[in-house]
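Down below is the structure, laid out as structure tokens.
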Amino acid sequence: MTDKLALHGGPQAKPTPYTLTNRYGEEEIVELRKALESGKLMGPAGIVEEFEGELASFFGVRHMVTVTSGTAALHTALCALGVAEGDEVITTPMTDIGTVAAILALHAIPVFADIDLDTRLIDPASVSERITAKTKCIITVHMSGMPCDMDAFMAIGDETGVMILEDCAQAHAATYKGRMLGSIGDAGGFSMNESKQMTTGDGGFVATNDDETGRIASLFRDKTYIRDGSVGRGGQPIPFFALNYRANGLHAAVGRAQLAKLPGLVARRRAIASRYYDELGDLEGLSLPNIVEGGDPSWWPIAARYMGKKTSRDDVVDALRAEGLTISTGMSPANNILRTQMVQSKRYYPLTDEVPSFWRDVVYDPDSCPNVDQLQDSVVRLPVDERYTDEDVDQTIAGVRKVWAALIG
Ligand SMILES: Cc1ncc(COP(=O)(O)O)c(C=O)c1O
């Protein structure tokens with residue numbers, strides 16, 4: 001006898017909503033008050049610089065450069081690593097569009113490598129196949145807080161001279177062989193938008209151990225202005241083209257309070273994830289992602305896959321949702337960036353279909369990353385959030401087991 005599914009009128013496994021308390025509290029208010037009372041919010045000196053120092057020591061890097069978003073962080077990092085017009089940058093089409101926008105903003109060419117279905121992450125073997133004389137950089141996207149195989153990518157970098165940029169937008173405080181993600185490659189780019197492990201509403205930062213990369217990143221996010229007092233008004237040399245991506249004291253105040261919460265938050269996510277692995281790992285046809293050797297994720301909703309034959313993935317998802325479970329089937333907002341209108345038509349400008357010359361001769365085969373499509377068609381994401389109570393997690397596990405018993409047996 002199996003329990004009657006909520007889909008068929010039975011009682012829900014999760015009858016109450018998930019616990020999602022406000023992520024901002026007294027700690028942020030105290031820091032914001034201090035920032036406002038200081039009378040100086042504009043960066044990059046003052047509280048912004050102090051916050052960058054705290055980030056650098058937490059993540060174990062020499063330089064941290066705060067910016068206004070994860071997209072800005074990746075754009076700034078790629079620029080500081082020397083990526084220029086016509087260079088190829090290899091990444092995965094299963095990422096946020098910000099990763100790809102950062103490449104295109106430099107008139108560099110995004111090249112898409114497939115993912116490894118076991119780890120659900122960019123596959124070093126697929127990347128190797130796509131390296132050409134024009135490849136300048138590889139962006140390893142640590143999706144869902146899961147570390148990529150950094151030994152393999154650093155070996156590719158050593159062999160070919162290609163730079164490695166870690167996209168850590170979803171992976172704050174995840175580690176690989178004891179090192180924080182973002183501190184391993186030539187640079188790292190982080191987002192602090194509101195879906196991330198730490199947030200300032202929007203925001204981001206660039207991590208690097210290289211002094212020159214840090215120096216250029218710092219100039220690039222601030223229109224190249226020199227602000228150490230050595231240059232008078234009227235005397236700025238403006239050595240190269242740059243933008244204004246400066247974070248301000250409000251970002252830094254909230255960010256500093258959020259950074260203090262990060263270790264506890266990641267520990268809670270790890271505890272929830274390990275319950276899913278322990279208590280759902282035996283279910284037939286349910287595949288949980290493999291963690292690369294030496295990796296310690298900081299976790300997002302887990303990209304589990306339904307691999308069974310007894311019913312369809314969509315029927316499984318419908319049944320889980322009817323039980324009251326928060327289950328998503330998207331790995332990123334656009335799922336497979338290869339299939340977007342922008343990439344397929346190489347649409348760079350909104351009001352003209354003129355393709356800029358750097359991009360004109362590039363051809364994108366929408367079927368060239370089949371593992372991304374396979375993952376999208378089979379993924380059943382298990383919810384992870386540090387705010388969940390033990391009861392939320394108990395009910396989620398019970399709901400998955402109930403649906404499996406009823407549909408898959
Ligand atoms: C993997 C990944 N890269 C880049 C970004 C871009 O970050 P942002 O939204 O802060 O620009 C995001 C966030 O959405 C992301 O998840």
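Each chain in the structure tokens gets a letter, A, B, ..., in the order shown, and its residues are numbered from 1; ligands are numbered from 1 in order too.
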
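Within the 6 Å cut-off around range 244-261 of chain A, using only C-alpha atoms and omitting residues fewer than 5 positions from it on the same chain, the listed residues are Glu27, Glu28, Glu31, Leu32, Leu41, Met42, Gly43, Ile47, Val48, Phe51, Thr66, Val67, Thr68, Met198, Thr200, Arg221, Asp222 and Lys223 of chain A.
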
Write a file of the selected residues as an mmCIF file, in the first residue's frame, keeping C-alpha atoms.
```cif
data_model
loop_
_atom_site.group_PDB
_atom_site.id
_atom_site.type_symbol
_atom_site.label_atom_id
_atom_site.label_comp_id
_atom_site.auth_asym_id
_atom_site.auth_seq_id
_atom_site.Cartn_x
_atom_site.Cartn_y
_atom_site.Cartn_z
ATOM 1 C CA GLU A 27 23.555 43.137 11.509
ATOM 2 C CA GLU A 28 23.001 44.829 8.136
ATOM 3 C CA GLU A 31 26.542 48.435 9.336
ATOM 4 C CA LEU A 32 24.318 50.601 7.132
ATOM 5 C CA LEU A 41 29.429 56.407 0.626
ATOM 6 C CA MET A 42 31.239 56.763 -2.674
ATOM 7 C CA GLY A 43 33.943 54.197 -3.328
ATOM 8 C CA ILE A 47 34.402 51.468 3.816
ATOM 9 C CA VAL A 48 34.496 49.932 0.316
ATOM 10 C CA PHE A 51 35.265 45.522 2.819
ATOM 11 C CA THR A 66 34.310 45.205 -5.712
ATOM 12 C CA VAL A 67 31.956 46.056 -8.569
ATOM 13 C CA THR A 68 28.209 46.408 -9.127
ATOM 14 C CA MET A 198 25.858 36.347 0.133
ATOM 15 C CA THR A 200 24.004 43.121 -1.358
ATOM 16 C CA ARG A 221 35.911 49.575 -12.570
ATOM 17 C CA ASP A 222 36.622 53.258 -11.917
ATOM 18 C CA LYS A 223 37.077 54.856 -15.370
#
```

Identify, on the basis of only C-alpha atoms, every residue whose closest approach to Cys137 in chain A does not exceed 9 Å; exclude the query and any residue fewer than 2 positions from it along the same chain; express the result as a ChimeraX atom specification.
/A:78,81,83,87-91,135,139,157,161-165

Per residue of chain A within 9 Å of ligand 1, what are the shortest atom pair and its distance in Å to one decimal, counting only C-alpha atoms and all ligand atoms, with rows by chain and residue number, as CSV?
```
residue,atom,partner,partner_atom_place_in_ligand_line,distance
A:Thr68,CA,ligand 1,10 (O),7.6
A:Ser69,CA,ligand 1,10 (O),3.9
A:Gly70,CA,ligand 1,7 (O),3.4
A:Thr71,CA,ligand 1,11 (O),3.7
A:Ala72,CA,ligand 1,11 (O),6.4
A:Ala73,CA,ligand 1,11 (O),7.9
A:Leu74,CA,ligand 1,4 (C),7.5
A:Met94,CA,ligand 1,1 (C),8.4
A:Thr95,CA,ligand 1,1 (C),5.0
A:Asp96,CA,ligand 1,2 (C),4.6
A:Ile97,CA,ligand 1,4 (C),6.8
A:Gly98,CA,ligand 1,6 (C),4.4
A:Thr99,CA,ligand 1,4 (C),4.8
A:Val100,CA,ligand 1,4 (C),8.3
A:Ala102,CA,ligand 1,4 (C),8.8
A:Val141,CA,ligand 1,1 (C),5.9
A:His142,CA,ligand 1,1 (C),6.9
A:Met143,CA,ligand 1,1 (C),5.8
A:Ser144,CA,ligand 1,1 (C),7.9
A:Asp167,CA,ligand 1,3 (N),5.9
A:Cys168,CA,ligand 1,1 (C),6.7
A:Ala169,CA,ligand 1,2 (C),4.7
A:Gln170,CA,ligand 1,16 (O),5.3
A:Ala171,CA,ligand 1,1 (C),8.5
A:Gly189,CA,ligand 1,4 (C),8.0
A:Phe190,CA,ligand 1,7 (O),7.3
A:Ser191,CA,ligand 1,10 (O),4.2
A:Met192,CA,ligand 1,10 (O),5.7
A:Asn193,CA,ligand 1,10 (O),4.8
A:Glu194,CA,ligand 1,10 (O),8.4
A:Ser195,CA,ligand 1,14 (O),7.5
A:Lys196,CA,ligand 1,13 (C),7.7
A:Asp202,CA,ligand 1,10 (O),6.0
A:Gly203,CA,ligand 1,10 (O),5.9
A:Gly204,CA,ligand 1,10 (O),6.1
A:Ser332,CA,ligand 1,16 (O),7.3
A:Pro333,CA,ligand 1,14 (O),8.5
```

Restricting the calculation to only C-alpha atoms, which member of A:Ile397, A:Gly82, A:Thr76, A:Leu117 is positioned closest to Thr224 in chain A?
A:Thr76

Using DSSP on the backbone coordinates, identify all residues within range 32-72 of chain A classified as alpha helix (DSSP H); present the result as a ChimeraX atom specification.
/A:32-38,47-59,70-72

Selected residues written out, N, CA and C atoms, as a PDB file, in the first residue's frame:
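Final file, out_23.pdb:
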```
ATOM      1  N   LEU A  32      24.828  49.522   7.993  1.00  0.00           N
ATOM      2  CA  LEU A  32      24.318  50.601   7.132  1.00  0.00           C
ATOM      3  C   LEU A  32      24.298  51.928   7.881  1.00  0.00           C
ATOM      4  N   ARG A  33      23.895  51.874   9.128  1.00  0.00           N
ATOM      5  CA  ARG A  33      23.860  53.095   9.936  1.00  0.00           C
ATOM      6  C   ARG A  33      25.264  53.696  10.051  1.00  0.00           C
ATOM      7  N   LYS A  34      26.250  52.806  10.307  1.00  0.00           N
ATOM      8  CA  LYS A  34      27.637  53.295  10.428  1.00  0.00           C
ATOM      9  C   LYS A  34      28.087  53.947   9.117  1.00  0.00           C
ATOM     10  N   ALA A  35      27.742  53.290   8.007  1.00  0.00           N
ATOM     11  CA  ALA A  35      28.164  53.821   6.702  1.00  0.00           C
ATOM     12  C   ALA A  35      27.532  55.191   6.460  1.00  0.00           C
ATOM     13  N   LEU A  36      26.225  55.289   6.748  1.00  0.00           N
ATOM     14  CA  LEU A  36      25.534  56.563   6.512  1.00  0.00           C
ATOM     15  C   LEU A  36      26.083  57.646   7.431  1.00  0.00           C
ATOM     16  N   GLU A  37      26.352  57.260   8.680  1.00  0.00           N
ATOM     17  CA  GLU A  37      26.847  58.257   9.632  1.00  0.00           C
ATOM     18  C   GLU A  37      28.266  58.724   9.287  1.00  0.00           C
ATOM     19  N   SER A  38      29.003  57.894   8.530  1.00  0.00           N
ATOM     20  CA  SER A  38      30.367  58.294   8.155  1.00  0.00           C
ATOM     21  C   SER A  38      30.328  59.457   7.161  1.00  0.00           C
ATOM     22  N   ILE A  47      35.035  52.724   3.404  1.00  0.00           N
ATOM     23  CA  ILE A  47      34.402  51.468   3.816  1.00  0.00           C
ATOM     24  C   ILE A  47      34.461  50.422   2.691  1.00  0.00           C
ATOM     25  N   VAL A  48      34.425  50.884   1.437  1.00  0.00           N
ATOM     26  CA  VAL A  48      34.496  49.932   0.316  1.00  0.00           C
ATOM     27  C   VAL A  48      35.861  49.224   0.336  1.00  0.00           C
ATOM     28  N   GLU A  49      36.892  49.990   0.563  1.00  0.00           N
ATOM     29  CA  GLU A  49      38.239  49.424   0.609  1.00  0.00           C
ATOM     30  C   GLU A  49      38.386  48.476   1.810  1.00  0.00           C
ATOM     31  N   GLU A  50      37.791  48.866   2.916  1.00  0.00           N
ATOM     32  CA  GLU A  50      37.848  47.988   4.105  1.00  0.00           C
ATOM     33  C   GLU A  50      37.153  46.650   3.806  1.00  0.00           C
ATOM     34  N   PHE A  51      36.006  46.748   3.175  1.00  0.00           N
ATOM     35  CA  PHE A  51      35.265  45.522   2.819  1.00  0.00           C
ATOM     36  C   PHE A  51      36.098  44.658   1.867  1.00  0.00           C
ATOM     37  N   GLU A  52      36.768  45.266   0.921  1.00  0.00           N
ATOM     38  CA  GLU A  52      37.607  44.499  -0.001  1.00  0.00           C
ATOM     39  C   GLU A  52      38.714  43.757   0.761  1.00  0.00           C
ATOM     40  N   GLY A  53      39.250  44.401   1.781  1.00  0.00           N
ATOM     41  CA  GLY A  53      40.276  43.746   2.605  1.00  0.00           C
ATOM     42  C   GLY A  53      39.703  42.545   3.344  1.00  0.00           C
ATOM     43  N   GLU A  54      38.491  42.691   3.850  1.00  0.00           N
ATOM     44  CA  GLU A  54      37.845  41.570   4.566  1.00  0.00           C
ATOM     45  C   GLU A  54      37.562  40.415   3.599  1.00  0.00           C
ATOM     46  N   LEU A  55      37.111  40.767   2.390  1.00  0.00           N
ATOM     47  CA  LEU A  55      36.861  39.721   1.392  1.00  0.00           C
ATOM     48  C   LEU A  55      38.168  38.998   1.045  1.00  0.00           C
ATOM     49  N   ALA A  56      39.235  39.776   0.859  1.00  0.00           N
ATOM     50  CA  ALA A  56      40.522  39.174   0.467  1.00  0.00           C
ATOM     51  C   ALA A  56      40.993  38.205   1.538  1.00  0.00           C
ATOM     52  N   SER A  57      40.863  38.583   2.791  1.00  0.00           N
ATOM     53  CA  SER A  57      41.368  37.656   3.807  1.00  0.00           C
ATOM     54  C   SER A  57      40.446  36.439   3.945  1.00  0.00           C
ATOM     55  N   PHE A  58      39.150  36.621   3.789  1.00  0.00           N
ATOM     56  CA  PHE A  58      38.243  35.468   3.889  1.00  0.00           C
ATOM     57  C   PHE A  58      38.480  34.478   2.743  1.00  0.00           C
ATOM     58  N   PHE A  59      38.614  34.996   1.528  1.00  0.00           N
ATOM     59  CA  PHE A  59      38.733  34.102   0.368  1.00  0.00           C
ATOM     60  C   PHE A  59      40.187  33.689   0.082  1.00  0.00           C
ATOM     61  N   GLY A  70      27.743  40.584 -10.801  1.00  0.00           N
ATOM     62  CA  GLY A  70      28.588  39.463 -11.226  1.00  0.00           C
ATOM     63  C   GLY A  70      29.006  39.623 -12.678  1.00  0.00           C
ATOM     64  N   THR A  71      28.104  40.130 -13.495  1.00  0.00           N
ATOM     65  CA  THR A  71      28.432  40.376 -14.907  1.00  0.00           C
ATOM     66  C   THR A  71      29.580  41.379 -15.000  1.00  0.00           C
ATOM     67  N   ALA A  72      29.486  42.446 -14.211  1.00  0.00           N
ATOM     68  CA  ALA A  72      30.557  43.453 -14.192  1.00  0.00           C
ATOM     69  C   ALA A  72      31.861  42.832 -13.693  1.00  0.00           C
TER      70      ALA A  72
END
```

Do a neighbour search on Leu320 in chain A at 10 Å with only C-alpha atoms, toss out local chain neighbours closer than 4 positions, and write the hits as an mmCIF file with N, CA and C atoms, in the first residue's frame.
```
data_model
loop_
_atom_site.group_PDB
_atom_site.id
_atom_site.type_symbol
_atom_site.label_atom_id
_atom_site.label_comp_id
_atom_site.auth_asym_id
_atom_site.auth_seq_id
_atom_site.Cartn_x
_atom_site.Cartn_y
_atom_site.Cartn_z
ATOM 1 N N LEU A 5 -1.154 9.954 -3.559
ATOM 2 C CA LEU A 5 -0.474 11.186 -3.972
ATOM 3 C C LEU A 5 -1.399 12.398 -3.814
ATOM 4 N N ALA A 6 -0.798 13.554 -3.463
ATOM 5 C CA ALA A 6 -1.582 14.790 -3.394
ATOM 6 C C ALA A 6 -2.196 15.094 -4.761
ATOM 7 N N LEU A 7 -1.479 14.732 -5.806
ATOM 8 C CA LEU A 7 -1.976 14.908 -7.171
ATOM 9 C C LEU A 7 -3.326 14.215 -7.373
ATOM 10 N N GLN A 12 -0.964 16.316 1.447
ATOM 11 C CA GLN A 12 0.363 16.744 0.989
ATOM 12 C C GLN A 12 1.466 16.318 1.956
ATOM 13 N N ALA A 13 2.610 15.915 1.418
ATOM 14 C CA ALA A 13 3.774 15.611 2.266
ATOM 15 C C ALA A 13 4.311 16.885 2.906
ATOM 16 N N LYS A 14 4.159 18.003 2.202
ATOM 17 C CA LYS A 14 4.625 19.287 2.755
ATOM 18 C C LYS A 14 3.452 20.267 2.734
ATOM 19 N N ASP A 314 8.517 14.919 -16.369
ATOM 20 C CA ASP A 314 7.521 15.954 -16.095
ATOM 21 C C ASP A 314 6.415 15.445 -15.163
ATOM 22 N N ASP A 315 6.056 14.170 -15.299
ATOM 23 C CA ASP A 315 5.047 13.615 -14.381
ATOM 24 C C ASP A 315 5.598 13.538 -12.955
ATOM 25 N N VAL A 316 6.879 13.190 -12.839
ATOM 26 C CA VAL A 316 7.510 13.149 -11.507
ATOM 27 C C VAL A 316 7.474 14.551 -10.888
ATOM 28 N N GLY A 324 3.629 19.844 -2.500
ATOM 29 C CA GLY A 324 4.031 21.074 -1.806
ATOM 30 C C GLY A 324 5.518 21.330 -1.854
ATOM 31 N N LEU A 325 6.259 20.543 -2.647
ATOM 32 C CA LEU A 325 7.714 20.700 -2.707
ATOM 33 C C LEU A 325 8.101 21.764 -3.738
ATOM 34 N N THR A 326 9.140 22.540 -3.414
ATOM 35 C CA THR A 326 9.669 23.520 -4.369
ATOM 36 C C THR A 326 10.674 22.805 -5.256
ATOM 37 N N ILE A 327 10.238 22.498 -6.470
ATOM 38 C CA ILE A 327 11.094 21.754 -7.401
ATOM 39 C C ILE A 327 11.227 22.586 -8.664
ATOM 40 N N VAL A 380 15.670 17.434 -11.928
ATOM 41 C CA VAL A 380 14.629 17.600 -10.902
ATOM 42 C C VAL A 380 15.372 18.232 -9.721
ATOM 43 N N THR A 396 10.391 17.427 2.841
ATOM 44 C CA THR A 396 10.848 17.330 1.437
ATOM 45 C C THR A 396 11.290 15.900 1.149
ATOM 46 N N GLY A 399 8.362 13.668 0.981
ATOM 47 C CA GLY A 399 7.602 13.883 -0.256
ATOM 48 C C GLY A 399 8.251 13.189 -1.443
ATOM 49 N N VAL A 400 9.567 13.282 -1.535
ATOM 50 C CA VAL A 400 10.261 12.617 -2.649
ATOM 51 C C VAL A 400 10.076 11.104 -2.528
ATOM 52 N N ARG A 401 10.239 10.578 -1.318
ATOM 53 C CA ARG A 401 10.111 9.118 -1.135
ATOM 54 C C ARG A 401 8.684 8.655 -1.448
ATOM 55 N N LYS A 402 7.710 9.470 -1.072
ATOM 56 C CA LYS A 402 6.308 9.115 -1.324
ATOM 57 C C LYS A 402 6.033 9.055 -2.839
ATOM 58 N N VAL A 403 6.503 10.080 -3.559
ATOM 59 C CA VAL A 403 6.273 10.106 -5.010
ATOM 60 C C VAL A 403 7.003 8.924 -5.673
ATOM 61 N N TRP A 404 8.193 8.648 -5.195
ATOM 62 C CA TRP A 404 8.941 7.528 -5.783
ATOM 63 C C TRP A 404 8.201 6.191 -5.539
#
```

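Residues of range 58-164 of chain A that DSSP places in strand (DSSP E), based on the backbone of this structure, are His63, Met64, Val65, Thr66, Val67, Glu88, Val89, Ile90, Thr91, Ile109, Pro110, Val111, Phe112, Ile115, Asp116, Leu121, Ile122, Thr135, Lys136, Cys137, Ile138, Ile139, Thr140, Val141, Met163 and Ile164 of chain A.
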
Based on the selection just made, write N, CA and C atoms of those residues as an mmCIF file, in the first residue's frame.
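File produced: out_14.cif:
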```
data_model
loop_
_atom_site.group_PDB
_atom_site.id
_atom_site.type_symbol
_atom_site.label_atom_id
_atom_site.label_comp_id
_atom_site.auth_asym_id
_atom_site.auth_seq_id
_atom_site.Cartn_x
_atom_site.Cartn_y
_atom_site.Cartn_z
ATOM 1 N N HIS A 63 44.129 40.242 -3.860
ATOM 2 C CA HIS A 63 43.362 41.430 -4.268
ATOM 3 C C HIS A 63 41.890 41.101 -4.452
ATOM 4 N N MET A 64 41.048 41.965 -3.951
ATOM 5 C CA MET A 64 39.619 41.904 -4.219
ATOM 6 C C MET A 64 39.194 43.274 -4.718
ATOM 7 N N VAL A 65 38.458 43.278 -5.821
ATOM 8 C CA VAL A 65 37.989 44.529 -6.416
ATOM 9 C C VAL A 65 36.471 44.450 -6.491
ATOM 10 N N THR A 66 35.786 45.258 -5.695
ATOM 11 C CA THR A 66 34.310 45.205 -5.712
ATOM 12 C C THR A 66 33.765 45.951 -6.925
ATOM 13 N N VAL A 67 32.644 45.443 -7.429
ATOM 14 C CA VAL A 67 31.956 46.056 -8.569
ATOM 15 C C VAL A 67 30.441 45.967 -8.325
ATOM 16 N N GLU A 88 39.217 34.068 -28.407
ATOM 17 C CA GLU A 88 38.162 33.109 -28.065
ATOM 18 C C GLU A 88 38.192 32.824 -26.564
ATOM 19 N N VAL A 89 37.015 32.773 -25.979
ATOM 20 C CA VAL A 89 36.886 32.442 -24.556
ATOM 21 C C VAL A 89 35.927 31.261 -24.459
ATOM 22 N N ILE A 90 36.423 30.161 -23.899
ATOM 23 C CA ILE A 90 35.602 28.944 -23.835
ATOM 24 C C ILE A 90 34.849 28.907 -22.504
ATOM 25 N N THR A 91 33.567 28.639 -22.599
ATOM 26 C CA THR A 91 32.781 28.437 -21.384
ATOM 27 C C THR A 91 31.629 27.482 -21.687
ATOM 28 N N ILE A 109 35.109 36.284 -28.535
ATOM 29 C CA ILE A 109 34.163 35.313 -29.101
ATOM 30 C C ILE A 109 33.864 34.211 -28.091
ATOM 31 N N PRO A 110 32.599 34.092 -27.675
ATOM 32 C CA PRO A 110 32.267 32.960 -26.792
ATOM 33 C C PRO A 110 32.282 31.652 -27.575
ATOM 34 N N VAL A 111 32.963 30.656 -27.018
ATOM 35 C CA VAL A 111 33.005 29.307 -27.599
ATOM 36 C C VAL A 111 32.424 28.383 -26.538
ATOM 37 N N PHE A 112 31.503 27.495 -26.959
ATOM 38 C CA PHE A 112 30.792 26.715 -25.949
ATOM 39 C C PHE A 112 31.262 25.273 -25.885
ATOM 40 N N ILE A 115 29.004 19.971 -20.995
ATOM 41 C CA ILE A 115 29.173 19.623 -19.576
ATOM 42 C C ILE A 115 29.410 18.119 -19.426
ATOM 43 N N ASP A 116 29.930 17.748 -18.280
ATOM 44 C CA ASP A 116 30.071 16.332 -17.897
ATOM 45 C C ASP A 116 28.766 15.973 -17.168
ATOM 46 N N LEU A 121 28.875 19.809 -14.678
ATOM 47 C CA LEU A 121 29.728 20.999 -14.798
ATOM 48 C C LEU A 121 30.528 20.965 -16.090
ATOM 49 N N ILE A 122 31.075 22.092 -16.480
ATOM 50 C CA ILE A 122 31.878 22.187 -17.702
ATOM 51 C C ILE A 122 32.962 21.101 -17.701
ATOM 52 N N THR A 135 42.416 30.827 -28.622
ATOM 53 C CA THR A 135 41.833 30.746 -27.270
ATOM 54 C C THR A 135 42.688 31.536 -26.281
ATOM 55 N N LYS A 136 42.028 32.429 -25.560
ATOM 56 C CA LYS A 136 42.762 33.254 -24.595
ATOM 57 C C LYS A 136 42.418 32.875 -23.153
ATOM 58 N N CYS A 137 41.192 32.378 -22.970
ATOM 59 C CA CYS A 137 40.734 32.183 -21.591
ATOM 60 C C CYS A 137 39.668 31.085 -21.543
ATOM 61 N N ILE A 138 39.600 30.410 -20.414
ATOM 62 C CA ILE A 138 38.521 29.443 -20.145
ATOM 63 C C ILE A 138 37.790 29.956 -18.903
ATOM 64 N N ILE A 139 36.470 30.011 -18.985
ATOM 65 C CA ILE A 139 35.706 30.377 -17.777
ATOM 66 C C ILE A 139 35.091 29.105 -17.207
ATOM 67 N N THR A 140 35.582 28.697 -16.060
ATOM 68 C CA THR A 140 35.055 27.507 -15.376
ATOM 69 C C THR A 140 33.903 27.977 -14.498
ATOM 70 N N VAL A 141 32.700 27.554 -14.837
ATOM 71 C CA VAL A 141 31.524 28.015 -14.081
ATOM 72 C C VAL A 141 31.197 26.974 -13.005
ATOM 73 N N MET A 163 44.463 31.428 -20.051
ATOM 74 C CA MET A 163 44.102 31.898 -18.706
ATOM 75 C C MET A 163 42.861 31.159 -18.189
ATOM 76 N N ILE A 164 42.775 31.045 -16.872
ATOM 77 C CA ILE A 164 41.593 30.423 -16.257
ATOM 78 C C ILE A 164 40.891 31.471 -15.389
#
```

Nearby residues (only C-alpha atoms) at most 8 Å from Gln376 in chain A, same-chain spacing under 3 positions excluded, as a ChimeraX atom specification
/A:329-331,335,372-373,379

With C-alpha atoms kept, could you save the residues just selected as a JSON list (two decimals), in the first residue's frame?
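again19.json was written with the following content:
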```
[["chain", "number", "residue", "atom", "x", "y", "z"],
["A", 329, "THR", "CA", 13.62, 22.24, -13.74],
["A", 330, "GLY", "CA", 15.78, 25.11, -14.94],
["A", 331, "MET", "CA", 19.55, 25.13, -14.50],
["A", 335, "ASN", "CA", 18.82, 26.85, -19.97],
["A", 372, "VAL", "CA", 23.42, 20.26, -21.58],
["A", 373, "ASP", "CA", 20.15, 19.35, -23.31],
["A", 379, "VAL", "CA", 16.76, 17.57, -14.06]]
```

For range 298-302 of chain A, find every residue with an atom within 9 Å (counting only C-alpha atoms), except residues of its own chain fewer than 2 positions away, and show them as an mmCIF file with C-alpha atoms, in the first residue's frame.
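Full text of part23.cif as output:
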```
data_model
loop_
_atom_site.group_PDB
_atom_site.id
_atom_site.type_symbol
_atom_site.label_atom_id
_atom_site.label_comp_id
_atom_site.auth_asym_id
_atom_site.auth_seq_id
_atom_site.Cartn_x
_atom_site.Cartn_y
_atom_site.Cartn_z
ATOM 1 C CA MET A 143 27.331 26.006 -11.140
ATOM 2 C CA SER A 144 25.059 25.409 -8.156
ATOM 3 C CA GLY A 145 27.960 25.884 -5.741
ATOM 4 C CA MET A 146 29.723 22.772 -7.114
ATOM 5 C CA PRO A 147 33.476 23.023 -7.734
ATOM 6 C CA GLN A 170 26.975 30.667 -7.367
ATOM 7 C CA ALA A 171 29.841 29.284 -5.317
ATOM 8 C CA HIS A 172 30.816 31.565 -2.435
ATOM 9 C CA ALA A 173 32.922 29.696 0.118
ATOM 10 C CA ALA A 174 32.902 26.410 -1.783
ATOM 11 C CA THR A 175 36.371 24.854 -1.702
ATOM 12 C CA LYS A 196 23.444 34.178 -4.134
ATOM 13 C CA GLN A 197 24.939 32.804 -0.904
ATOM 14 C CA LEU A 265 25.024 29.618 6.071
ATOM 15 C CA VAL A 266 27.269 27.318 4.039
ATOM 16 C CA ALA A 267 27.526 24.864 6.952
ATOM 17 C CA ARG A 269 23.476 24.145 3.301
ATOM 18 C CA ARG A 270 26.056 21.357 3.566
ATOM 19 C CA ALA A 273 22.645 18.507 1.096
ATOM 20 C CA LEU A 288 22.525 12.938 -7.577
ATOM 21 C CA PRO A 289 25.487 14.888 -8.986
ATOM 22 C CA ASP A 296 33.358 20.789 -0.970
ATOM 23 C CA ALA A 304 19.256 15.677 -9.284
ATOM 24 C CA ILE A 327 11.094 21.754 -7.401
ATOM 25 C CA SER A 328 12.604 23.588 -10.351
ATOM 26 C CA VAL A 380 14.629 17.600 -10.902
ATOM 27 C CA ARG A 381 16.203 20.189 -8.627
ATOM 28 C CA LEU A 382 15.970 19.485 -4.915
ATOM 29 C CA PRO A 383 15.487 22.637 -2.848
ATOM 30 C CA VAL A 384 18.342 23.871 -0.620
ATOM 31 C CA ASP A 385 18.233 27.017 1.469
#
```

Figure out the distance between CA of Ala84 in chain A and CA of Leu106 in chain A, please, to one decimal in Å.
6.0 Å

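Nearest to Thr92 in chain A of all the residues A:Met342, A:Leu351, A:Ile337, A:Val363 is A:Ile337, counting only C-alpha atoms.
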